[in-house]
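A.B. asks: What follows is a single structure, and I will ask about it in a moment.
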There are 2 protein chains.
Amino acid sequence: MFSKKAEYALRATIYIAQKSSNHKKVGIDEIARSIDAPQSFTAKILQLLTRDNKIISSARGPNGGFYITAAAKKFSIRTVLEIIREDDVFVKCVLGLKDCSETQPCPMHFQYKPIKHQLIHLFETKTIEDLAEGLTSGGAFIANLSKINPSK
Amino acid sequence: MFSKKAEYALRATIYIAQKSSNHKKVGIDEIARSIDAPQSFTAKILQLLTRDNKIISSARGPNGGFYITAAAKKFSIRTVLEIIREDDVFVKCVLGLKDCSETQPCPMHFQYKPIKHQLIHLFETKTIEDLAEGLTSGGAFIANLSKINPSK
DNA sequence: ATAAATAAGGACAAATTTGTCCTTATTTAT
DNA sequence: ATAAATAAGGACAAATTTGTCCTTATTTAT
C-alpha cells in the first residue's frame, strides 16, 4: 500500500506526537530505534516534514530534537502523506489508467469506488493527534516490539 | 496502490480475457498497444502468468498469441496478483509493522481493518471473467483512449 | 570563547523496479 | 524443407527507491 518512506514517515510522526512536547524533544536516534527504521533515512524523511516547520518542528544543538506543536497535531494523516508525495492511493485509478473516470470507467471503477472513498475518509478524518492518543491510551503499538525486546 | 507490474498484469489479463478465445489469440503487440503499456515489459509479465499455463495460455508461431481458457477465467483477481507477488496489500499492516496484530495493534489497525477486509473481499470475489464482462457489456474501458485516439 | 550535541544537507551507493534489445525456440503456411 | 511469424528468455540499462556516510550549521552548557 505505502512505500517505506511513507511507512517511516507515519510511524515517526506518530511517535514524535506521542513522546514530545514543547519542552521535551526526541532525538533522531531514539525515534529511529523506537519505530524500527534506518536512522539516516528517517532523518531525511523528517527533513521533508520539518520544512517550514509545517508538520514537525525541530531544534539543533544540545537538548535539541524533534517535536510537534499542538496546532500541528491537528493535521490529517492525508496531509502528512501529501507532503511527502505519497497520496497516489487517494487519487489514482486502481488499474493505473489516466483516463479512468465516472464516464469512462475501468472495469474495477464502480466496485472500487466505495472502498477508495472510505480510504480517503479515514485518512482525511484521522489526525496525527488521534493516532498518537491511540498509542497512549489504547493498546496500540508503533514499533516491532520483538526487535526491541526479543522476549516478546 | 499497485506497482506498474501489477497494473499492466491486470490490464493485460482483462484484455486477453475479453478479446481472445481458443480460436482467436491476441499478440503481444496488440495487447501492449491496447492497454497502453511497454511491449517488452508486458511480455515479461505475461511470462509469469503463462508459467504452467495457469492463468494465461500462449502459443508460438504464426497465428499464435495469448489466450485464456474458460476455466482460467474463473480465477480471482487476487490469484492473479498473488502469482506476480503483488498481494502485499491484502496481508501487510498499513504502517508496515511486522508485529502488528489484533492483540498488538498499530494505531491504525482497527480503523483500517474493515477497509482491508473489503479490499480482500472485492479482489477475492471478482474473477477475471467478471471484469472482462464489464468491459464487454458495461461502459468500462481498459486503456487510455486519449492516447489511442487523441480526439477523445 | 570553546567544546559538545544535535539537526541539515550533500554526495554517494546499493537494491529494486521498470524498461529495452537481441537471440533462441517453436509453430505454421507454402 | 524453408521462410515467416510469433512467444520465451537472457543480458543489460535506466530510473527510482532505499539506504549510508560525511561535513556543515546551529545551539547550548561550561
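The chains in the C-alpha cells are called A, B, ... from first to last as shown; in each chain the residues are counted from 1, and the ligands are counted from 1 in the order shown.
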Here's a check: after a least-squares fit over all in-order C-alpha atoms, write chain A in the frame of chain B, as a PDB file with C-alpha atoms, in the first residue's frame.
C.D. replies:
```pdb
ATOM      1  CA  MET A   1      -1.695   1.105  -4.549  1.00  0.00           C
ATOM      2  CA  PHE A   2      -0.222  -1.286  -7.076  1.00  0.00           C
ATOM      3  CA  SER A   3       3.102  -1.336  -8.901  1.00  0.00           C
ATOM      4  CA  LYS A   4       3.352  -0.833 -12.641  1.00  0.00           C
ATOM      5  CA  LYS A   5       3.922  -4.558 -12.955  1.00  0.00           C
ATOM      6  CA  ALA A   6       0.612  -5.261 -11.257  1.00  0.00           C
ATOM      7  CA  GLU A   7      -1.279  -2.627 -13.200  1.00  0.00           C
ATOM      8  CA  TYR A   8      -0.023  -3.959 -16.523  1.00  0.00           C
ATOM      9  CA  ALA A   9      -0.661  -7.540 -15.436  1.00  0.00           C
ATOM     10  CA  LEU A  10      -4.281  -6.831 -14.565  1.00  0.00           C
ATOM     11  CA  ARG A  11      -4.945  -4.768 -17.656  1.00  0.00           C
ATOM     12  CA  ALA A  12      -3.349  -7.347 -19.925  1.00  0.00           C
ATOM     13  CA  THR A  13      -5.217 -10.197 -18.294  1.00  0.00           C
ATOM     14  CA  ILE A  14      -8.553  -8.459 -18.585  1.00  0.00           C
ATOM     15  CA  TYR A  15      -7.832  -7.504 -22.186  1.00  0.00           C
ATOM     16  CA  ILE A  16      -6.876 -11.033 -23.141  1.00  0.00           C
ATOM     17  CA  ALA A  17      -9.934 -12.413 -21.385  1.00  0.00           C
ATOM     18  CA  GLN A  18     -12.159 -10.139 -23.338  1.00  0.00           C
ATOM     19  CA  LYS A  19     -10.541 -10.416 -26.745  1.00  0.00           C
ATOM     20  CA  SER A  20      -9.420 -14.004 -26.992  1.00  0.00           C
ATOM     21  CA  SER A  21     -10.971 -17.394 -27.308  1.00  0.00           C
ATOM     22  CA  ASN A  22      -9.484 -20.805 -27.987  1.00  0.00           C
ATOM     23  CA  HIS A  23      -9.685 -19.951 -31.636  1.00  0.00           C
ATOM     24  CA  LYS A  24      -8.676 -16.347 -31.545  1.00  0.00           C
ATOM     25  CA  LYS A  25      -5.441 -15.361 -29.893  1.00  0.00           C
ATOM     26  CA  VAL A  26      -4.056 -11.898 -29.377  1.00  0.00           C
ATOM     27  CA  GLY A  27      -0.453 -10.948 -29.969  1.00  0.00           C
ATOM     28  CA  ILE A  28       1.789  -9.091 -27.542  1.00  0.00           C
ATOM     29  CA  ASP A  29       1.914  -6.164 -29.912  1.00  0.00           C
ATOM     30  CA  GLU A  30      -1.848  -5.682 -29.892  1.00  0.00           C
ATOM     31  CA  ILE A  31      -2.079  -6.259 -26.156  1.00  0.00           C
ATOM     32  CA  ALA A  32       0.583  -3.738 -25.217  1.00  0.00           C
ATOM     33  CA  ARG A  33      -0.816  -1.126 -27.575  1.00  0.00           C
ATOM     34  CA  SER A  34      -4.354  -1.621 -26.342  1.00  0.00           C
ATOM     35  CA  ILE A  35      -3.606  -1.376 -22.660  1.00  0.00           C
ATOM     36  CA  ASP A  36      -1.025   1.392 -23.119  1.00  0.00           C
ATOM     37  CA  ALA A  37       1.922  -0.480 -21.653  1.00  0.00           C
ATOM     38  CA  PRO A  38       5.501  -1.028 -22.813  1.00  0.00           C
ATOM     39  CA  GLN A  39       5.601  -4.085 -25.047  1.00  0.00           C
ATOM     40  CA  SER A  40       8.673  -5.967 -23.841  1.00  0.00           C
ATOM     41  CA  PHE A  41       7.903  -5.303 -20.221  1.00  0.00           C
ATOM     42  CA  THR A  42       4.377  -6.571 -20.693  1.00  0.00           C
ATOM     43  CA  ALA A  43       5.773  -9.668 -22.402  1.00  0.00           C
ATOM     44  CA  LYS A  44       7.938 -10.323 -19.365  1.00  0.00           C
ATOM     45  CA  ILE A  45       4.995  -9.998 -17.041  1.00  0.00           C
ATOM     46  CA  LEU A  46       2.868 -12.312 -19.159  1.00  0.00           C
ATOM     47  CA  GLN A  47       5.603 -14.924 -18.905  1.00  0.00           C
ATOM     48  CA  LEU A  48       4.878 -15.101 -15.194  1.00  0.00           C
ATOM     49  CA  LEU A  49       1.206 -15.632 -15.842  1.00  0.00           C
ATOM     50  CA  THR A  50       1.672 -18.211 -18.590  1.00  0.00           C
ATOM     51  CA  ARG A  51       3.990 -20.344 -16.459  1.00  0.00           C
ATOM     52  CA  ASP A  52       2.327 -23.758 -16.308  1.00  0.00           C
ATOM     53  CA  ASN A  53      -0.459 -22.127 -18.356  1.00  0.00           C
ATOM     54  CA  LYS A  54      -2.031 -21.383 -15.037  1.00  0.00           C
ATOM     55  CA  ILE A  55      -3.746 -18.085 -15.769  1.00  0.00           C
ATOM     56  CA  ILE A  56      -2.920 -17.235 -19.344  1.00  0.00           C
ATOM     57  CA  SER A  57      -2.173 -19.656 -22.157  1.00  0.00           C
ATOM     58  CA  SER A  58       0.077 -18.940 -25.087  1.00  0.00           C
ATOM     59  CA  ALA A  59       1.050 -20.396 -28.446  1.00  0.00           C
ATOM     60  CA  ARG A  60       4.080 -19.584 -30.548  1.00  0.00           C
ATOM     61  CA  GLY A  61       4.337 -19.391 -34.271  1.00  0.00           C
ATOM     62  CA  PRO A  62       2.070 -17.845 -36.902  1.00  0.00           C
ATOM     63  CA  ASN A  63      -1.448 -17.257 -35.582  1.00  0.00           C
ATOM     64  CA  GLY A  64       0.022 -17.691 -32.152  1.00  0.00           C
ATOM     65  CA  GLY A  65      -0.511 -15.333 -29.262  1.00  0.00           C
ATOM     66  CA  PHE A  66      -2.089 -15.245 -25.853  1.00  0.00           C
ATOM     67  CA  TYR A  67      -5.483 -16.516 -24.812  1.00  0.00           C
ATOM     68  CA  ILE A  68      -7.255 -17.675 -21.714  1.00  0.00           C
ATOM     69  CA  THR A  69      -9.413 -20.730 -21.208  1.00  0.00           C
ATOM     70  CA  ALA A  70     -12.922 -20.600 -19.812  1.00  0.00           C
ATOM     71  CA  ALA A  71     -11.684 -22.426 -16.724  1.00  0.00           C
ATOM     72  CA  ALA A  72      -8.868 -19.957 -16.129  1.00  0.00           C
ATOM     73  CA  LYS A  73     -11.280 -17.055 -16.364  1.00  0.00           C
ATOM     74  CA  LYS A  74     -12.715 -18.228 -13.070  1.00  0.00           C
ATOM     75  CA  PHE A  75      -9.587 -17.269 -11.158  1.00  0.00           C
ATOM     76  CA  SER A  76      -9.952 -14.325  -8.813  1.00  0.00           C
ATOM     77  CA  ILE A  77      -8.080 -11.097  -9.305  1.00  0.00           C
ATOM     78  CA  ARG A  78      -6.283 -11.765  -6.067  1.00  0.00           C
ATOM     79  CA  THR A  79      -4.920 -14.988  -7.519  1.00  0.00           C
ATOM     80  CA  VAL A  80      -3.523 -13.064 -10.466  1.00  0.00           C
ATOM     81  CA  LEU A  81      -1.840 -10.660  -8.065  1.00  0.00           C
ATOM     82  CA  GLU A  82      -0.502 -13.480  -5.940  1.00  0.00           C
ATOM     83  CA  ILE A  83       1.163 -15.100  -8.921  1.00  0.00           C
ATOM     84  CA  ILE A  84       3.092 -11.955  -9.705  1.00  0.00           C
ATOM     85  CA  ARG A  85       3.743 -11.462  -5.975  1.00  0.00           C
ATOM     86  CA  GLU A  86       1.827  -8.294  -5.561  1.00  0.00           C
ATOM     87  CA  ASP A  87      -0.499  -9.279  -2.776  1.00  0.00           C
ATOM     88  CA  ASP A  88       1.105  -7.177  -0.048  1.00  0.00           C
ATOM     89  CA  VAL A  89      -1.977  -5.017   0.354  1.00  0.00           C
ATOM     90  CA  PHE A  90      -4.026  -7.967   1.474  1.00  0.00           C
ATOM     91  CA  VAL A  91      -1.499  -9.062   4.035  1.00  0.00           C
ATOM     92  CA  LYS A  92       0.581  -6.215   5.364  1.00  0.00           C
ATOM     93  CA  CYS A  93      -0.070  -3.748   8.159  1.00  0.00           C
ATOM     94  CA  VAL A  94      -0.804  -0.221   6.858  1.00  0.00           C
ATOM     95  CA  LEU A  95       2.168   1.130   8.759  1.00  0.00           C
ATOM     96  CA  GLY A  96       4.365  -1.746   7.657  1.00  0.00           C
ATOM     97  CA  LEU A  97       4.753  -3.236  11.122  1.00  0.00           C
ATOM     98  CA  LYS A  98       5.616  -6.904  11.129  1.00  0.00           C
ATOM     99  CA  ASP A  99       4.307  -7.444  14.620  1.00  0.00           C
ATOM    100  CA  CYS A 100       1.007  -5.641  14.169  1.00  0.00           C
ATOM    101  CA  SER A 101      -1.861  -7.893  15.160  1.00  0.00           C
ATOM    102  CA  GLU A 102      -5.192  -7.980  16.915  1.00  0.00           C
ATOM    103  CA  THR A 103      -3.509  -8.179  20.308  1.00  0.00           C
ATOM    104  CA  GLN A 104      -0.712  -5.793  19.418  1.00  0.00           C
ATOM    105  CA  PRO A 105      -2.395  -3.362  17.040  1.00  0.00           C
ATOM    106  CA  CYS A 106      -0.753  -0.376  15.373  1.00  0.00           C
ATOM    107  CA  PRO A 107      -2.597   2.927  15.842  1.00  0.00           C
ATOM    108  CA  MET A 108      -4.485   2.470  12.566  1.00  0.00           C
ATOM    109  CA  HIS A 109      -5.209  -1.221  12.927  1.00  0.00           C
ATOM    110  CA  PHE A 110      -8.850  -1.301  13.969  1.00  0.00           C
ATOM    111  CA  GLN A 111      -9.915   1.589  11.822  1.00  0.00           C
ATOM    112  CA  TYR A 112      -8.203   0.235   8.745  1.00  0.00           C
ATOM    113  CA  LYS A 113      -9.388  -3.303   9.324  1.00  0.00           C
ATOM    114  CA  PRO A 114     -12.857  -3.023   7.754  1.00  0.00           C
ATOM    115  CA  ILE A 115     -11.420  -1.335   4.694  1.00  0.00           C
ATOM    116  CA  LYS A 116      -8.788  -4.012   4.308  1.00  0.00           C
ATOM    117  CA  HIS A 117     -11.441  -6.675   4.587  1.00  0.00           C
ATOM    118  CA  GLN A 118     -13.481  -5.041   1.881  1.00  0.00           C
ATOM    119  CA  LEU A 119     -10.409  -4.893  -0.320  1.00  0.00           C
ATOM    120  CA  ILE A 120      -9.753  -8.570   0.244  1.00  0.00           C
ATOM    121  CA  HIS A 121     -13.377  -9.408  -0.373  1.00  0.00           C
ATOM    122  CA  LEU A 122     -13.497  -7.425  -3.597  1.00  0.00           C
ATOM    123  CA  PHE A 123     -10.345  -8.913  -5.061  1.00  0.00           C
ATOM    124  CA  GLU A 124     -11.144 -12.440  -3.969  1.00  0.00           C
ATOM    125  CA  THR A 125     -14.687 -12.293  -5.232  1.00  0.00           C
ATOM    126  CA  LYS A 126     -14.102 -10.683  -8.591  1.00  0.00           C
ATOM    127  CA  THR A 127     -12.893 -13.046 -11.249  1.00  0.00           C
ATOM    128  CA  ILE A 128     -11.099 -12.303 -14.467  1.00  0.00           C
ATOM    129  CA  GLU A 129     -14.321 -13.157 -16.248  1.00  0.00           C
ATOM    130  CA  ASP A 130     -16.312 -10.646 -14.212  1.00  0.00           C
ATOM    131  CA  LEU A 131     -14.040  -7.811 -15.196  1.00  0.00           C
ATOM    132  CA  ALA A 132     -13.826  -8.858 -18.823  1.00  0.00           C
ATOM    133  CA  GLU A 133     -17.613  -8.865 -18.952  1.00  0.00           C
ATOM    134  CA  GLY A 134     -17.767  -5.384 -17.525  1.00  0.00           C
ATOM    135  CA  LEU A 135     -15.582  -4.474 -20.441  1.00  0.00           C
ATOM    136  CA  THR A 136     -17.888  -6.062 -22.993  1.00  0.00           C
ATOM    137  CA  SER A 137     -21.290  -5.129 -21.690  1.00  0.00           C
ATOM    138  CA  GLY A 138     -20.890  -2.157 -19.393  1.00  0.00           C
ATOM    139  CA  GLY A 139     -19.217   1.082 -20.266  1.00  0.00           C
ATOM    140  CA  ALA A 140     -15.853   0.028 -18.924  1.00  0.00           C
ATOM    141  CA  PHE A 141     -12.587   0.874 -20.619  1.00  0.00           C
ATOM    142  CA  ILE A 142      -9.234  -0.693 -20.237  1.00  0.00           C
ATOM    143  CA  ALA A 143      -6.857   1.683 -21.976  1.00  0.00           C
ATOM    144  CA  ASN A 144      -6.121   5.332 -22.124  1.00  0.00           C
ATOM    145  CA  LEU A 145      -8.289   6.068 -25.089  1.00  0.00           C
ATOM    146  CA  SER A 146      -6.921   9.544 -25.472  1.00  0.00           C
ATOM    147  CA  LYS A 147      -3.587   8.019 -26.366  1.00  0.00           C
ATOM    148  CA  ILE A 148      -5.029   5.645 -28.905  1.00  0.00           C
ATOM    149  CA  ASN A 149      -7.439   8.148 -30.346  1.00  0.00           C
ATOM    150  CA  PRO A 150      -6.318  11.684 -29.467  1.00  0.00           C
ATOM    151  CA  SER A 151      -9.700  13.122 -30.417  1.00  0.00           C
ATOM    152  CA  LYS A 152     -11.265  11.757 -27.229  1.00  0.00           C
TER     153      LYS A 152
END
```
A.B. asks: Go through chain D and flag each residue having an atom no more than 10 Å from range 4-8 of chain C; for those, report the closest pair of atoms plus their distance in Å to one decimal, using only C-alpha atoms (C1' of nucleotides), ordered by chain and rising number, as CSV.
C.D. replies:
```
residue,atom,partner,partner_atom,distance
D:DT24,C1',C:DA8,C1',8.1
D:DA25,C1',C:DA8,C1',7.4
D:DT26,C1',C:DA7,C1',8.3
D:DT27,C1',C:DT6,C1',8.1
D:DT28,C1',C:DA5,C1',8.2
D:DA29,C1',C:DA4,C1',8.6
```
A.B. asks: Could those selected residues go to a file with N, CA and C atoms (P, O5', C5', C4', C3', O3' and C1' of nucleotides), as a compact mmCIF listing (two decimals), in the first residue's frame?
C.D. replies:
```
# COMPACT_ATOMS: atom_id res chain seq x y z
P DT D 24 33.06 20.84 6.00
O5' DT D 24 31.58 21.36 6.31
C5' DT D 24 30.64 21.50 5.24
C4' DT D 24 29.37 22.15 5.79
C3' DT D 24 29.63 23.39 6.62
O3' DT D 24 28.73 24.40 6.18
C1' DT D 24 28.33 21.85 7.85
P DA D 25 28.74 25.84 6.87
O5' DA D 25 27.47 25.79 7.81
C5' DA D 25 26.19 25.53 7.22
C4' DA D 25 25.17 25.53 8.34
C3' DA D 25 25.22 26.76 9.24
O3' DA D 25 23.89 27.25 9.34
C1' DA D 25 25.39 24.80 10.55
P DT D 26 23.56 28.51 10.24
O5' DT D 26 23.18 27.86 11.63
C5' DT D 26 22.06 26.99 11.70
C4' DT D 26 21.96 26.49 13.10
C3' DT D 26 21.92 27.58 14.17
O3' DT D 26 20.67 27.44 14.80
C1' DT D 26 23.34 25.81 14.80
P DT D 27 20.12 28.58 15.84
O5' DT D 27 20.41 27.90 17.25
C5' DT D 27 19.81 26.64 17.54
C4' DT D 27 20.53 26.07 18.73
C3' DT D 27 20.59 27.00 19.94
O3' DT D 27 19.68 26.49 20.90
C1' DT D 27 22.62 25.80 19.59
P DT D 28 19.41 27.24 22.30
O5' DT D 28 20.38 26.44 23.27
C5' DT D 28 20.27 25.01 23.36
C4' DT D 28 21.42 24.50 24.20
C3' DT D 28 21.56 25.22 25.53
O3' DT D 28 21.38 24.27 26.57
C1' DT D 28 23.66 25.01 24.40
P DA D 29 21.36 24.70 28.10
O5' DA D 29 22.82 24.27 28.58
C5' DA D 29 23.29 22.97 28.22
C4' DA D 29 24.72 22.82 28.72
C3' DA D 29 24.97 23.42 30.10
O3' DA D 29 25.81 22.53 30.82
C1' DA D 29 26.42 24.44 28.53
```
A.B. asks: Fewer than 5 positions away in the same chain doesn't count, so skip those; otherwise give me all residues within 9 Å of range 11-14 of chain C, counting only C-alpha atoms (C1' of nucleotides), as JSON, numbers by chain.
C.D. replies: {"D": [18, 19, 20, 21, 22]}
A.B. asks: Next, the residues of the selection above should be written as a tab-separated table (two decimals), in the first residue's frame with N, CA and C atoms (P, O5', C5', C4', C3', O3' and C1' of nucleotides).
C.D. replies:
```tsv
chain	number	residue	atom	x	y	z
D	18	DT	P	10.80	2.97	-1.14
D	18	DT	O5'	12.28	2.72	-0.58
D	18	DT	C5'	12.86	1.43	-0.77
D	18	DT	C4'	14.26	1.44	-0.20
D	18	DT	C3'	14.36	1.94	1.23
D	18	DT	O3'	14.87	0.87	2.01
D	18	DT	C1'	16.06	2.87	-0.13
D	19	DG	P	15.11	1.01	3.59
D	19	DG	O5'	16.58	1.60	3.66
D	19	DG	C5'	17.67	0.75	3.30
D	19	DG	C4'	18.92	1.57	3.19
D	19	DG	C3'	19.35	2.30	4.46
D	19	DG	O3'	20.32	1.48	5.13
D	19	DG	C1'	19.87	3.50	2.46
D	20	DT	P	21.10	2.08	6.39
D	20	DT	O5'	22.34	2.83	5.72
D	20	DT	C5'	23.22	2.11	4.86
D	20	DT	C4'	24.48	2.91	4.62
D	20	DT	C3'	25.13	3.46	5.89
D	20	DT	O3'	26.51	3.14	5.81
D	20	DT	C1'	24.77	5.22	4.34
D	21	DC	P	27.48	3.41	7.08
D	21	DC	O5'	28.24	4.75	6.63
D	21	DC	C5'	28.72	4.86	5.28
D	21	DC	C4'	29.31	6.24	5.09
D	21	DC	C3'	29.95	6.83	6.35
D	21	DC	O3'	31.17	7.44	5.97
D	21	DC	C1'	28.36	8.34	5.48
D	22	DC	P	32.29	7.81	7.06
D	22	DC	O5'	32.55	9.35	6.73
D	22	DC	C5'	32.69	9.77	5.36
D	22	DC	C4'	32.25	11.22	5.25
D	22	DC	C3'	32.81	12.12	6.34
D	22	DC	O3'	33.68	13.09	5.75
D	22	DC	C1'	30.49	12.53	5.98
```
A.B. asks: Please, which residues of range 36-149 of chain B, numbered as in this document, come out strand (DSSP E or B) from DSSP, as a list in words?
C.D. replies: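 DSSP-assigned strand (DSSP E or B) residues in range 36-149 of chain B: Ser57, Ser58, Ala59, Gly65, Phe66, Tyr67, Ser76 and Thr127 of chain B.
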A.B. asks: When you draw a straight line from C1' of DA1 in chain C to C1' of DT30 in chain D, how long is it in Å?
C.D. replies: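 These two atoms are separated by 10.4 Å.
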A.B. asks: Out of range 2-82 of chain A, which residues get alpha helix (DSSP H) from DSSP, as a tab-separated table (two decimals) with C-alpha atoms, in the first residue's frame?
C.D. replies:
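Everything below was put into out10.tsv:
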```tsv
chain	number	residue	atom	x	y	z
A	4	LYS	CA	8.89	2.54	3.03
A	5	LYS	CA	9.25	6.30	3.01
A	6	ALA	CA	5.58	6.71	3.84
A	7	GLU	CA	5.58	3.99	6.47
A	8	TYR	CA	8.56	5.51	8.25
A	9	ALA	CA	7.11	9.00	7.92
A	10	LEU	CA	3.84	8.00	9.55
A	11	ARG	CA	5.46	5.98	12.30
A	12	ALA	CA	7.94	8.73	13.09
A	13	THR	CA	5.26	11.39	13.10
A	14	ILE	CA	3.02	9.41	15.42
A	15	TYR	CA	5.95	8.62	17.70
A	16	ILE	CA	7.03	12.23	17.91
A	17	ALA	CA	3.46	13.33	18.56
A	18	GLN	CA	3.18	10.95	21.42
A	19	LYS	CA	6.58	11.44	23.01
A	28	ILE	CA	16.62	11.07	15.69
A	29	ASP	CA	18.45	8.23	17.35
A	30	GLU	CA	15.60	7.46	19.73
A	31	ILE	CA	12.99	7.92	17.03
A	32	ALA	CA	14.61	5.58	14.54
A	33	ARG	CA	15.25	2.93	17.17
A	34	SER	CA	11.71	3.13	18.50
A	35	ILE	CA	9.95	2.84	15.19
A	39	GLN	CA	18.31	6.29	11.20
A	40	SER	CA	19.75	8.36	8.36
A	41	PHE	CA	16.89	7.54	6.05
A	42	THR	CA	14.40	8.56	8.71
A	43	ALA	CA	16.33	11.80	9.21
A	44	LYS	CA	15.99	12.53	5.51
A	45	ILE	CA	12.28	11.92	5.60
A	46	LEU	CA	11.83	14.12	8.65
A	47	GLN	CA	13.56	16.92	6.77
A	48	LEU	CA	10.62	16.94	4.39
A	49	LEU	CA	8.19	17.22	7.25
A	50	THR	CA	10.11	19.90	9.13
A	77	ILE	CA	-2.75	11.82	8.06
A	78	ARG	CA	-3.50	12.53	4.44
A	79	THR	CA	-1.78	15.88	4.77
A	80	VAL	CA	1.32	14.15	6.09
A	81	LEU	CA	1.26	11.82	3.10
A	82	GLU	CA	0.71	14.67	0.69
```
